[in-house]
Structures are given as C-alpha cells and as structure tokens.
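Colleague: What follows is target.cif, made up of mmCIF, C-alpha atoms:
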```cif
data_start
loop_
_atom_site.label_atom_id
_atom_site.label_comp_id
_atom_site.auth_asym_id
_atom_site.auth_seq_id
_atom_site.Cartn_x
_atom_site.Cartn_y
_atom_site.Cartn_z
CA MET A 416 57.64 -8.98 -11.98
CA ALA A 417 59.88 -11.65 -10.50
CA ASP A 418 61.54 -9.13 -8.17
CA SER A 419 58.21 -7.76 -6.95
CA ALA A 420 56.92 -11.25 -6.33
CA ALA A 421 60.00 -12.06 -4.32
CA LYS A 422 59.44 -9.04 -2.11
CA ARG A 423 55.78 -9.81 -1.43
CA PRO A 424 55.27 -11.16 2.13
CA PRO A 425 54.25 -14.83 2.19
CA THR A 426 50.67 -15.76 3.09
CA PRO A 427 50.64 -16.92 6.72
CA ALA A 428 49.69 -20.53 7.28
CA PRO A 429 48.08 -21.85 10.43
CA ALA A 430 50.76 -22.66 12.93
CA SER A 431 51.40 -26.26 13.74
CA GLY A 432 51.56 -27.81 17.13
CA GLY A 433 50.17 -25.77 20.05
CA GLY A 434 49.50 -22.70 17.88
CA GLY A 435 47.34 -24.76 15.50
CA MET A 436 45.33 -26.15 18.40
CA ALA A 437 44.71 -22.63 19.76
CA TRP A 438 43.52 -21.48 16.34
CA LYS A 439 41.09 -24.39 16.08
CA LEU A 440 39.75 -23.75 19.57
CA SER A 441 39.23 -20.06 18.76
CA LEU A 442 37.36 -20.95 15.59
CA ALA A 443 35.20 -23.48 17.44
CA LEU A 444 34.41 -20.91 20.14
CA PHE A 445 33.47 -18.33 17.51
CA VAL A 446 31.13 -20.78 15.74
CA PHE A 447 29.55 -21.78 19.07
CA LEU A 448 28.93 -18.17 20.11
CA ALA A 449 27.56 -17.30 16.66
CA ALA A 450 25.17 -20.26 16.84
CA LEU A 451 24.14 -19.27 20.36
CA LEU A 452 23.49 -15.69 19.27
CA TYR A 453 21.50 -16.86 16.25
CA LYS A 454 19.35 -19.04 18.51
CA GLN A 455 18.72 -16.11 20.85
CA LEU A 456 17.53 -13.98 17.93
CA GLN A 457 15.08 -16.58 16.61
CA PRO A 458 11.58 -16.74 18.10
CA PRO A 459 10.21 -20.16 19.03
CA ALA A 460 7.82 -21.78 16.57
CA PRO A 461 4.21 -20.62 16.94
CA LYS A 462 1.74 -22.78 18.85
CA ILE A 463 -0.87 -22.87 16.09
CA VAL A 464 -4.27 -23.48 17.66
CA GLY A 465 -5.69 -26.87 16.81
CA SER A 466 -2.27 -28.42 16.13
CA PRO A 467 -0.79 -31.18 18.35
CA GLY A 468 0.30 -29.83 21.73
CA ALA A 469 -1.27 -26.42 21.08
CA PRO A 470 -4.48 -24.86 22.47
CA PRO A 471 -7.73 -26.15 20.95
CA VAL A 472 -9.95 -24.22 18.56
CA THR A 473 -12.99 -22.85 20.42
CA ALA A 474 -13.99 -19.90 18.22
CA SER A 475 -15.95 -19.61 15.01
CA ARG A 476 -13.36 -19.34 12.24
CA THR A 477 -13.27 -18.71 8.51
CA LYS A 478 -10.63 -19.91 6.07
CA LEU A 479 -8.83 -17.41 3.83
CA LYS A 480 -7.59 -18.06 0.29
CA ASP A 481 -4.02 -18.64 1.48
CA GLY A 482 -5.13 -21.31 3.95
CA ARG A 483 -4.95 -19.22 7.12
CA HIS A 484 -7.91 -19.01 9.50
CA LEU A 485 -9.40 -15.94 11.18
CA ALA A 486 -11.38 -16.37 14.40
CA TYR A 487 -14.37 -14.05 14.74
CA LEU A 488 -17.20 -13.03 17.05
CA GLU A 489 -20.63 -11.72 16.05
CA SER A 490 -22.81 -9.49 18.20
CA GLY A 491 -25.70 -7.06 17.89
CA VAL A 492 -28.73 -7.91 15.75
CA PRO A 493 -28.70 -10.86 13.34
CA LYS A 494 -26.80 -10.11 10.15
CA GLU A 495 -29.86 -10.71 7.97
CA GLU A 496 -31.86 -8.08 9.88
CA ALA A 497 -29.13 -5.45 10.19
CA LYS A 498 -29.34 -1.96 8.72
CA TYR A 499 -25.68 -1.31 9.55
CA LYS A 500 -22.82 -3.81 9.45
CA ILE A 501 -19.67 -2.83 11.35
CA ILE A 502 -16.32 -4.63 11.52
CA PHE A 503 -14.30 -3.76 14.62
CA VAL A 504 -10.49 -4.08 14.53
CA HIS A 505 -8.89 -4.52 17.95
CA GLY A 506 -5.69 -2.97 19.22
CA PHE A 507 -2.33 -4.14 20.55
CA ASP A 508 -2.37 -7.11 22.95
CA SER A 509 -6.12 -7.60 22.46
CA CYS A 510 -8.53 -9.93 20.68
CA ARG A 511 -12.05 -10.38 19.31
CA TYR A 512 -13.55 -10.11 22.80
CA ASP A 513 -12.31 -6.53 23.07
CA VAL A 514 -14.96 -5.39 20.63
CA LEU A 515 -16.48 -1.95 21.16
CA GLN A 516 -19.12 -2.31 23.87
CA VAL A 517 -22.10 -0.83 22.06
CA SER A 518 -25.19 -0.98 24.28
CA PRO A 519 -27.74 -3.67 23.33
CA GLU A 520 -30.41 -0.98 23.31
CA LEU A 521 -28.60 1.10 20.69
CA ALA A 522 -27.79 -1.97 18.60
CA GLN A 523 -31.46 -2.89 18.54
CA GLU A 524 -32.65 0.66 17.91
CA LEU A 525 -30.36 1.25 14.94
CA GLY A 526 -30.16 -2.32 13.67
CA ILE A 527 -26.41 -2.82 14.19
CA TYR A 528 -24.57 -6.04 13.41
CA LEU A 529 -21.06 -6.01 14.87
CA LEU A 530 -18.27 -8.31 13.75
CA SER A 531 -14.92 -8.51 15.55
CA PHE A 532 -12.04 -10.87 14.85
CA ASP A 533 -8.65 -11.91 16.16
CA ARG A 534 -6.01 -10.25 14.03
CA PRO A 535 -3.37 -12.68 12.65
CA GLY A 536 -1.31 -14.27 15.41
CA TYR A 537 -3.67 -13.17 18.17
CA GLY A 538 -6.09 -15.44 20.00
CA GLU A 539 -7.23 -18.17 17.62
CA SER A 540 -6.30 -16.61 14.26
CA ASP A 541 -3.35 -18.14 12.44
CA PRO A 542 -0.18 -16.02 12.22
CA ASP A 543 0.60 -14.36 8.91
CA PRO A 544 4.26 -14.95 7.96
CA ALA A 545 3.95 -12.25 5.30
CA ALA A 546 2.15 -9.66 7.43
CA SER A 547 2.25 -6.08 6.14
CA GLU A 548 0.23 -2.89 6.37
CA LYS A 549 -1.50 -3.99 3.15
CA SER A 550 -2.17 -7.64 3.99
CA ILE A 551 -4.39 -6.86 6.98
CA ALA A 552 -6.65 -4.64 4.85
CA LEU A 553 -7.05 -7.47 2.35
CA ASP A 554 -7.74 -9.90 5.21
CA ILE A 555 -10.57 -7.65 6.37
CA GLU A 556 -12.04 -7.52 2.88
CA GLU A 557 -11.89 -11.30 2.56
CA LEU A 558 -13.43 -11.75 6.02
CA ALA A 559 -16.34 -9.54 4.96
CA ASP A 560 -16.82 -11.55 1.79
CA ASN A 561 -16.64 -14.92 3.56
CA LEU A 562 -19.32 -13.80 6.01
CA GLN A 563 -21.41 -12.25 3.23
CA LEU A 564 -21.59 -8.71 4.63
CA GLY A 565 -22.38 -7.25 1.24
CA SER A 566 -20.58 -4.82 -1.02
CA LYS A 567 -20.00 -2.21 1.70
CA PHE A 568 -19.60 -2.05 5.47
CA HIS A 569 -18.45 0.30 8.23
CA LEU A 570 -15.13 -0.01 10.05
CA ILE A 571 -14.04 0.95 13.57
CA GLY A 572 -10.44 0.46 14.68
CA PHE A 573 -8.82 1.15 18.04
CA SER A 574 -5.13 1.85 18.84
CA MET A 575 -3.03 -0.41 16.58
CA GLY A 576 -6.34 -1.30 14.93
CA GLY A 577 -6.86 2.42 14.44
CA GLU A 578 -3.63 2.66 12.47
CA ILE A 579 -4.93 -0.18 10.27
CA MET A 580 -7.86 2.04 9.28
CA TRP A 581 -5.46 4.14 7.19
CA SER A 582 -4.47 0.97 5.32
CA CYS A 583 -8.12 0.14 4.67
CA LEU A 584 -8.74 3.67 3.37
CA LYS A 585 -5.87 3.16 0.94
CA TYR A 586 -6.41 -0.41 -0.22
CA ILE A 587 -10.17 -1.10 0.10
CA PRO A 588 -11.90 2.32 0.03
CA HIS A 589 -14.51 1.00 -2.42
CA ARG A 590 -15.79 -1.39 0.29
CA LEU A 591 -16.31 1.21 2.99
CA SER A 592 -19.45 3.07 4.08
CA GLY A 593 -17.69 4.98 6.86
CA VAL A 594 -14.73 4.70 9.22
CA ALA A 595 -14.06 5.57 12.88
CA ILE A 596 -10.41 5.73 13.94
CA LEU A 597 -9.91 5.61 17.72
CA GLY A 598 -6.64 6.63 19.40
CA PRO A 599 -4.58 5.38 16.45
CA VAL A 600 -0.94 4.41 16.74
CA GLY A 601 1.20 6.55 14.45
CA ASN A 602 4.37 5.76 12.54
CA TYR A 603 7.00 8.41 13.29
CA TRP A 604 8.62 7.83 9.87
CA TRP A 605 5.56 8.53 7.70
CA SER A 606 6.47 10.86 4.86
CA GLY A 607 4.89 14.29 5.10
CA LEU A 608 5.29 14.57 8.87
CA PRO A 609 7.45 17.62 9.68
CA SER A 610 10.48 16.71 11.78
CA ASN A 611 9.37 18.97 14.64
CA VAL A 612 6.02 17.15 14.82
CA SER A 613 7.62 13.68 14.70
CA TRP A 614 10.25 14.57 17.29
CA ASP A 615 7.73 16.22 19.59
CA ALA A 616 5.61 13.05 19.53
CA TRP A 617 8.72 10.84 19.79
CA TYR A 618 9.92 12.44 23.01
CA GLN A 619 6.55 11.99 24.66
CA GLN A 620 7.34 8.29 24.82
CA LEU A 621 9.30 6.78 27.67
CA PRO A 622 12.97 6.22 26.70
CA ARG A 623 12.52 2.44 26.82
CA ASP A 624 9.64 2.71 24.34
CA GLN A 625 11.70 4.95 22.07
CA TRP A 626 14.27 2.16 21.90
CA ALA A 627 11.65 -0.58 21.35
CA VAL A 628 10.04 1.39 18.52
CA TRP A 629 13.44 2.30 17.00
CA VAL A 630 14.47 -1.37 16.92
CA SER A 631 11.13 -2.35 15.32
CA HIS A 632 11.71 0.15 12.53
CA HIS A 633 15.45 -0.06 11.88
CA LEU A 634 16.31 -3.60 13.04
CA PRO A 635 13.08 -5.63 12.79
CA TRP A 636 15.03 -8.91 12.89
CA LEU A 637 16.08 -7.93 16.42
CA THR A 638 12.56 -7.20 17.69
CA TYR A 639 12.00 -10.58 19.35
CA TRP A 640 15.33 -10.53 21.17
CA TRP A 641 14.96 -6.91 22.27
CA ASN A 642 11.58 -7.53 23.87
CA THR A 643 12.61 -10.75 25.63
CA GLN A 644 16.17 -10.00 26.79
CA LYS A 645 16.89 -8.87 30.36
CA LEU A 646 19.88 -6.59 29.77
CA PHE A 647 17.88 -3.49 28.86
CA PRO A 648 14.30 -2.40 29.65
CA ALA A 649 12.02 -3.41 26.75
CA SER A 650 8.58 -2.12 25.76
CA SER A 651 6.66 -0.68 28.68
CA VAL A 652 3.42 -1.15 26.73
CA ILE A 653 3.97 -4.91 26.67
CA ALA A 654 4.85 -4.79 30.39
CA TYR A 655 1.72 -2.73 31.26
CA ASN A 656 3.82 -0.05 32.92
CA PRO A 657 1.47 2.14 35.05
CA ALA A 658 3.58 5.20 34.15
CA LEU A 659 1.77 5.15 30.79
CA LEU A 660 -1.65 5.66 32.31
CA SER A 661 -3.46 8.97 32.52
CA GLU A 662 -5.69 9.59 35.50
CA GLU A 663 -8.73 8.33 33.58
CA ASP A 664 -6.84 5.36 32.12
CA ALA A 665 -5.70 4.28 35.60
CA LYS A 666 -9.35 3.91 36.59
CA LEU A 667 -10.31 2.10 33.39
CA MET A 668 -7.33 -0.25 33.67
CA GLU A 669 -9.03 -1.91 36.64
CA LYS A 670 -11.49 -3.25 34.06
CA PHE A 671 -9.30 -3.53 30.96
CA GLY A 672 -6.30 -5.03 32.74
CA MET A 673 -8.32 -7.78 34.44
CA ARG A 674 -9.83 -9.43 31.37
CA THR A 675 -10.44 -13.12 32.08
CA TYR A 676 -9.26 -14.12 28.59
CA MET A 677 -5.87 -12.34 28.67
CA THR A 678 -3.80 -15.55 28.53
CA MET A 679 -5.64 -16.54 25.35
CA ILE A 680 -4.51 -13.37 23.56
CA ARG A 681 -0.80 -14.33 23.42
CA GLN A 682 -1.24 -18.11 23.45
CA GLN A 683 0.38 -18.70 20.04
CA GLY A 684 3.53 -16.81 21.04
CA GLU A 685 4.30 -13.15 21.68
CA TYR A 686 6.41 -12.81 18.56
CA TYR A 687 3.51 -13.73 16.27
CA CYS A 688 1.16 -11.13 17.73
CA LEU A 689 2.87 -8.36 19.74
CA HIS A 690 6.28 -8.22 18.07
CA ARG A 691 4.95 -8.55 14.52
CA ASP A 692 2.44 -5.81 15.33
CA MET A 693 5.34 -3.53 16.20
CA MET A 694 7.36 -4.54 13.15
CA VAL A 695 4.47 -3.72 10.81
CA GLY A 696 3.03 -0.71 12.63
CA PHE A 697 6.40 1.02 13.01
CA GLY A 698 7.94 -0.50 9.91
CA LYS A 699 8.93 1.09 6.61
CA TRP A 700 5.74 1.96 4.78
CA GLY A 701 5.91 2.96 1.15
CA TRP A 702 3.18 5.56 1.58
CA SER A 703 1.70 7.92 4.15
CA PRO A 704 -1.86 8.61 5.39
CA LEU A 705 -1.16 12.27 4.64
CA ASN A 706 -1.28 11.41 0.93
CA LEU A 707 -4.70 9.77 1.03
CA LYS A 708 -7.63 11.20 -0.92
CA ASP A 709 -11.15 11.55 0.46
CA PRO A 710 -12.84 8.18 -0.20
CA PHE A 711 -16.24 9.76 0.38
CA ALA A 712 -15.92 12.83 -1.81
CA GLY A 713 -19.47 12.23 -2.99
CA GLY A 714 -20.79 12.62 0.57
CA GLU A 715 -21.85 9.00 1.02
CA GLY A 716 -19.77 8.48 4.19
CA LYS A 717 -17.36 10.04 6.67
CA VAL A 718 -14.05 9.34 8.36
CA HIS A 719 -14.03 10.20 12.07
CA LEU A 720 -10.81 10.42 14.07
CA TRP A 721 -11.01 10.34 17.89
CA HIS A 722 -8.11 10.89 20.29
CA GLY A 723 -7.73 11.59 24.00
CA ALA A 724 -5.68 14.71 24.79
CA GLU A 725 -4.23 12.98 27.87
CA ASP A 726 -3.12 9.86 25.99
CA ARG A 727 0.32 8.80 27.29
CA ILE A 728 0.44 5.55 25.32
CA VAL A 729 -0.10 7.04 21.86
CA PRO A 730 0.79 10.77 21.69
CA VAL A 731 -2.10 12.86 20.36
CA ILE A 732 0.25 15.12 18.34
CA LEU A 733 0.29 12.94 15.23
CA SER A 734 -3.51 12.69 15.10
CA ARG A 735 -3.80 16.46 15.43
CA TYR A 736 -1.42 17.04 12.56
CA ILE A 737 -2.97 14.41 10.28
CA SER A 738 -6.48 15.77 10.88
CA GLU A 739 -5.25 19.25 9.93
CA GLY A 740 -3.66 17.88 6.75
CA LEU A 741 -6.77 15.91 5.77
CA PRO A 742 -9.71 18.35 5.97
CA TRP A 743 -12.18 15.60 5.07
CA VAL A 744 -11.46 13.85 8.40
CA VAL A 745 -13.87 14.78 11.20
CA TYR A 746 -11.64 15.22 14.25
CA HIS A 747 -12.83 14.69 17.83
CA GLU A 748 -10.32 15.47 20.58
CA LEU A 749 -11.39 14.51 24.10
CA PRO A 750 -9.74 16.96 26.53
CA LYS A 751 -9.84 14.80 29.67
CA SER A 752 -9.48 11.35 28.14
CA GLY A 753 -6.45 9.10 27.83
CA HIS A 754 -6.01 6.07 25.58
CA LEU A 755 -8.73 3.76 26.88
CA PHE A 756 -11.75 6.02 26.29
CA PRO A 757 -13.48 3.50 23.92
CA VAL A 758 -13.80 1.07 26.86
CA VAL A 759 -16.51 3.29 28.37
CA GLN A 760 -19.91 2.16 27.05
CA GLU A 761 -21.32 5.69 26.87
CA MET A 762 -18.32 6.64 24.74
CA ALA A 763 -18.81 3.58 22.54
CA ASP A 764 -22.41 4.60 21.87
CA ALA A 765 -21.35 8.17 21.07
CA ILE A 766 -18.73 6.91 18.59
CA VAL A 767 -21.25 4.70 16.80
CA LYS A 768 -23.91 7.42 16.65
CA SER A 769 -21.35 9.81 15.18
CA LEU A 770 -20.30 7.27 12.58
CA LEU A 771 -23.77 6.11 11.54
CA LEU A 772 -25.95 9.18 12.15
CA GLY A 773 -23.49 12.04 11.95
CA GLU A 774 -24.17 13.10 15.56
CA GLN A 775 -21.41 15.12 17.24
#
```
As structure tokens, what does this structure read like?

Modeller:
Amino acid sequence: MADSAAKRPPTPAPASGGGGMAWKLSLALFVFLAALLYKQLQPPAPKIVGSPGAPPVTASRTKLKDGRHLAYLESGVPKEEAKYKIIFVHGFDSCRYDVLQVSPELAQELGIYLLSFDRPGYGESDPDPAASEKSIALDIEELADNLQLGSKFHLIGFSMGGEIMWSCLKYIPHRLSGVAILGPVGNYWWSGLPSNVSWDAWYQQLPRDQWAVWVSHHLPWLTYWWNTQKLFPASSVIAYNPALLSEEDAKLMEKFGMRTYMTMIRQQGEYYCLHRDMMVGFGKWGWSPLNLKDPFAGGEGKVHLWHGAEDRIVPVILSRYISEGLPWVVYHELPKSGHLFPVVQEMADAIVKSLLLGEQ
C-alpha cells in the first residue's frame, strides 16, 4: 500500500505567482459568461396588468381560486335569456376580442350567449406559472361557474384554442353540451400517431418553425431565448411570415393582421403568452386525443372538427388522421380554405349552426 501510494501522481495545486493570477482570471471569466448566459435565458418579469408601472385593467375580470384573474367579454343575447351558452377559446397571439363573429341576427334567432376570455398571460388575464394542458381546461370550468353558466355549455376553440378542446374533452366532458374544434394545432409527439403521419405533417412546416417547435418540446427552458435571439431565424408564426399564408388567408390577413388591439395582446410579455403557449401545446403530454372516448355516446351532443385543406400554418394531416381514428368526431374539411376560415362571418354562422342544430 505504501509503495502504491508513493507512485500515485500528486494532486496539482494552483500555481503561484503569474500562473495563479491567470487561473483566477479564467475562473472569473467563466463565472461572468455563465451569469451572462443565464440572464439571456431568463425572460423578464411579467407586466401584470393593474400593478405599478404596468397597463391598467380595462376589462371585466373574474377571480379564480388560486388568485389569478381572467378577463372576459360577453356578446350575443343576455345570459338570462339564452337558449345556448357558448364559450369561445381564442388561438395563438390573440385575445377575447377575437371571438367568433356570429351574426347578431343568428344570435337573436337562436338565443345565443357568447363568452370569450383572454387565456392566461394574454391581454388582461394573469399569467399562469403552472400552465399545463390540464390547467386551462379547469380554468374554463371555473370561469363558467363564476359566471353562472349552468351545469353544461358549448365550447368552440380555434387554432391553439382548438387544441385545448381535446383537453376539455378529457378533463371536463361532464360539463359539455357540444364542441367545435377549428383548425386545431397538433402535437407531433402524441402517442398513437404513426411516424409517417407525424413526419409528413412535420415537414410541411418551414424549417425555422420545425426548430422552434423542437425547442419547445425538447428544451422548453430555452424557448424564450430561441424566440428572441438574432443568431438563427425563430418562429415564423410569431413573425407573421407571409410565406405561411394560403391564397385565401392572404386576403383575410388584411383584416386579421390589422386588429387595432394587437399591442394589448402581448402587453404582459411575449414569454407569458406566446412562448408558454408553445411550451404547453408542443410539450410532453401524458395522454393523446386518439385515446379519448366519445363524451356524447348517449347522443346528447356532438364534436365537430373543421380544418382548411390549404392550411399552411397548421398542417391538415393530423386532423385527418385523428378524425379517422375517432369515428364519433364529425369531420369537415374545407377544400379551398386555409387557417383563417373562422374569421369569415358566413363561416362562423355555419360553424354555430352545425354545432347547435346539426346542420352540415
């Protein structure tokens, strides 16, 4: 033992003099760069509406059990007179004002009360630090209870809000009278999706969006940095890249892209609305819509899924496959439409009539 110890090389000690100074400088530089990198990865604190130095509260809001507030907007006939009560869930980079534009005439004829709200972190709703695909469904249920909508209500969700409809079908099916899912975002990692289907949909995205989605799924802690750095092209959806627009969408964007309230949508910080949306929507779910059971097996309601065949923002392939795997979903594919088809009022009326009256 003594011989082996004698042969063991001594542990190096920091050199003295100039060598020691160089070692200390190297360590200091490493710590500085690590701190700088950490700061780059951290999003700024949210500008919570109503707090000092932040935008004021202008919307009607309701307080949830955990202390957060949801801002909401009511339209259609008065709630007390309504035959149908519908909650609309907006999409990515949108807010309560982007509610489905049901014609006043149809709302009056059918007795429709329409409730839209800012999802957490958007507009004037407080961010949710524990946001998940489940939490938003429970938020919707609590919103309905706070506004006394009754035991059941209808849901309509568009784009990222469309993806949330699957969560509501899983977590609050007992509260639903019917659901319309419009151009829903899909998660390429959902179990049950064949690899050829996932890859086919994946490669319909622009390369920069493939990277943005990949980071959101595999490295969510890097999502803020990836979408704010200037070294690589980030999400083209966030940047409103015209390459994503179909011929019909390009025409509709003149209306959708010029909303007077657009600055209000991201006013609490992009991380707390856009980036968290991506982290949840493309995150690691513990379940898949393909495993859902028919919530209306008794015939008391329907699930309608609408998608534009020319959608370049959200590939139609996943909706096609899911509708084939869930025979209880009524699938509507619009051959000439892109992603923004719900913006058209005639289309909005058709969606509502299908949901409430069963019209095709």

Colleague: Run through the PyMOL selection byres ((chain A and resi 638) around 10) on the given coordinates and return the selected residues as a list in words.

Modeller: Leu456, Gln457, Pro458, Ala627, Val628, Trp629, Val630, Ser631, His632, His633, Leu634, Pro635, Trp636, Leu637, Tyr639, Trp640, Trp641, Asn642, Thr643, Ala649, Tyr686, Leu689, His690, Arg691, Met693 and Met694 of chain A

Colleague: Go through A:Ser540, A:Ser490, A:Ser574, A:Ser738 and flag the residue nearest Gln516 of chain A, using only C-alpha atoms for the distances.

Modeller: A:Ser490

Colleague: Report as a PyMOL selection string the residues that result from applying the PyMOL selection byres ((chain A and resi 601) around 8) to the structure here.

Modeller: chain A and resi 578+599-600+602-603+696-697+729+733-734

Colleague: Between A:Glu496, A:Gly491, A:Gly753, A:Ser592, which is the closest to Ser518 of chain A once you count all atoms listed in the file?

Modeller: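 Nearest candidate to Ser518 of chain A out of A:Glu496, A:Gly491, A:Gly753, A:Ser592: A:Gly491.
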
Colleague: Would you mind reading off the distance between atom CA of Gly684 of chain A and atom CA of Gly536 of chain A, one decimal, in Å?

Modeller: 7.8 Å

Colleague: Could you spell out the hits of the PyMOL selection byres ((chain A and resi 709-719) around 10) on the shown file, as a PyMOL selection string?

Modeller: chain A and resi 569-571+580+584-585+587-589+591-597+706-708+720-721+738+741-747+766+769-771+773

Colleague: Mind giving me the straight-line distance from atom CA of Leu530 of chain A to atom CA of Met679 of chain A in Å, one decimal?

Modeller: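 Here the two named atoms are 19.0 Å from each other.
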
Colleague: Looking at only C-alpha atoms, which of A:Pro493, A:Gly723, A:Pro467, A:Pro657 is the one that sits closest to Glu669 of chain A?

Modeller: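 Using only C-alpha atoms, the shortest distance to Glu669 of chain A belongs to A:Pro657.
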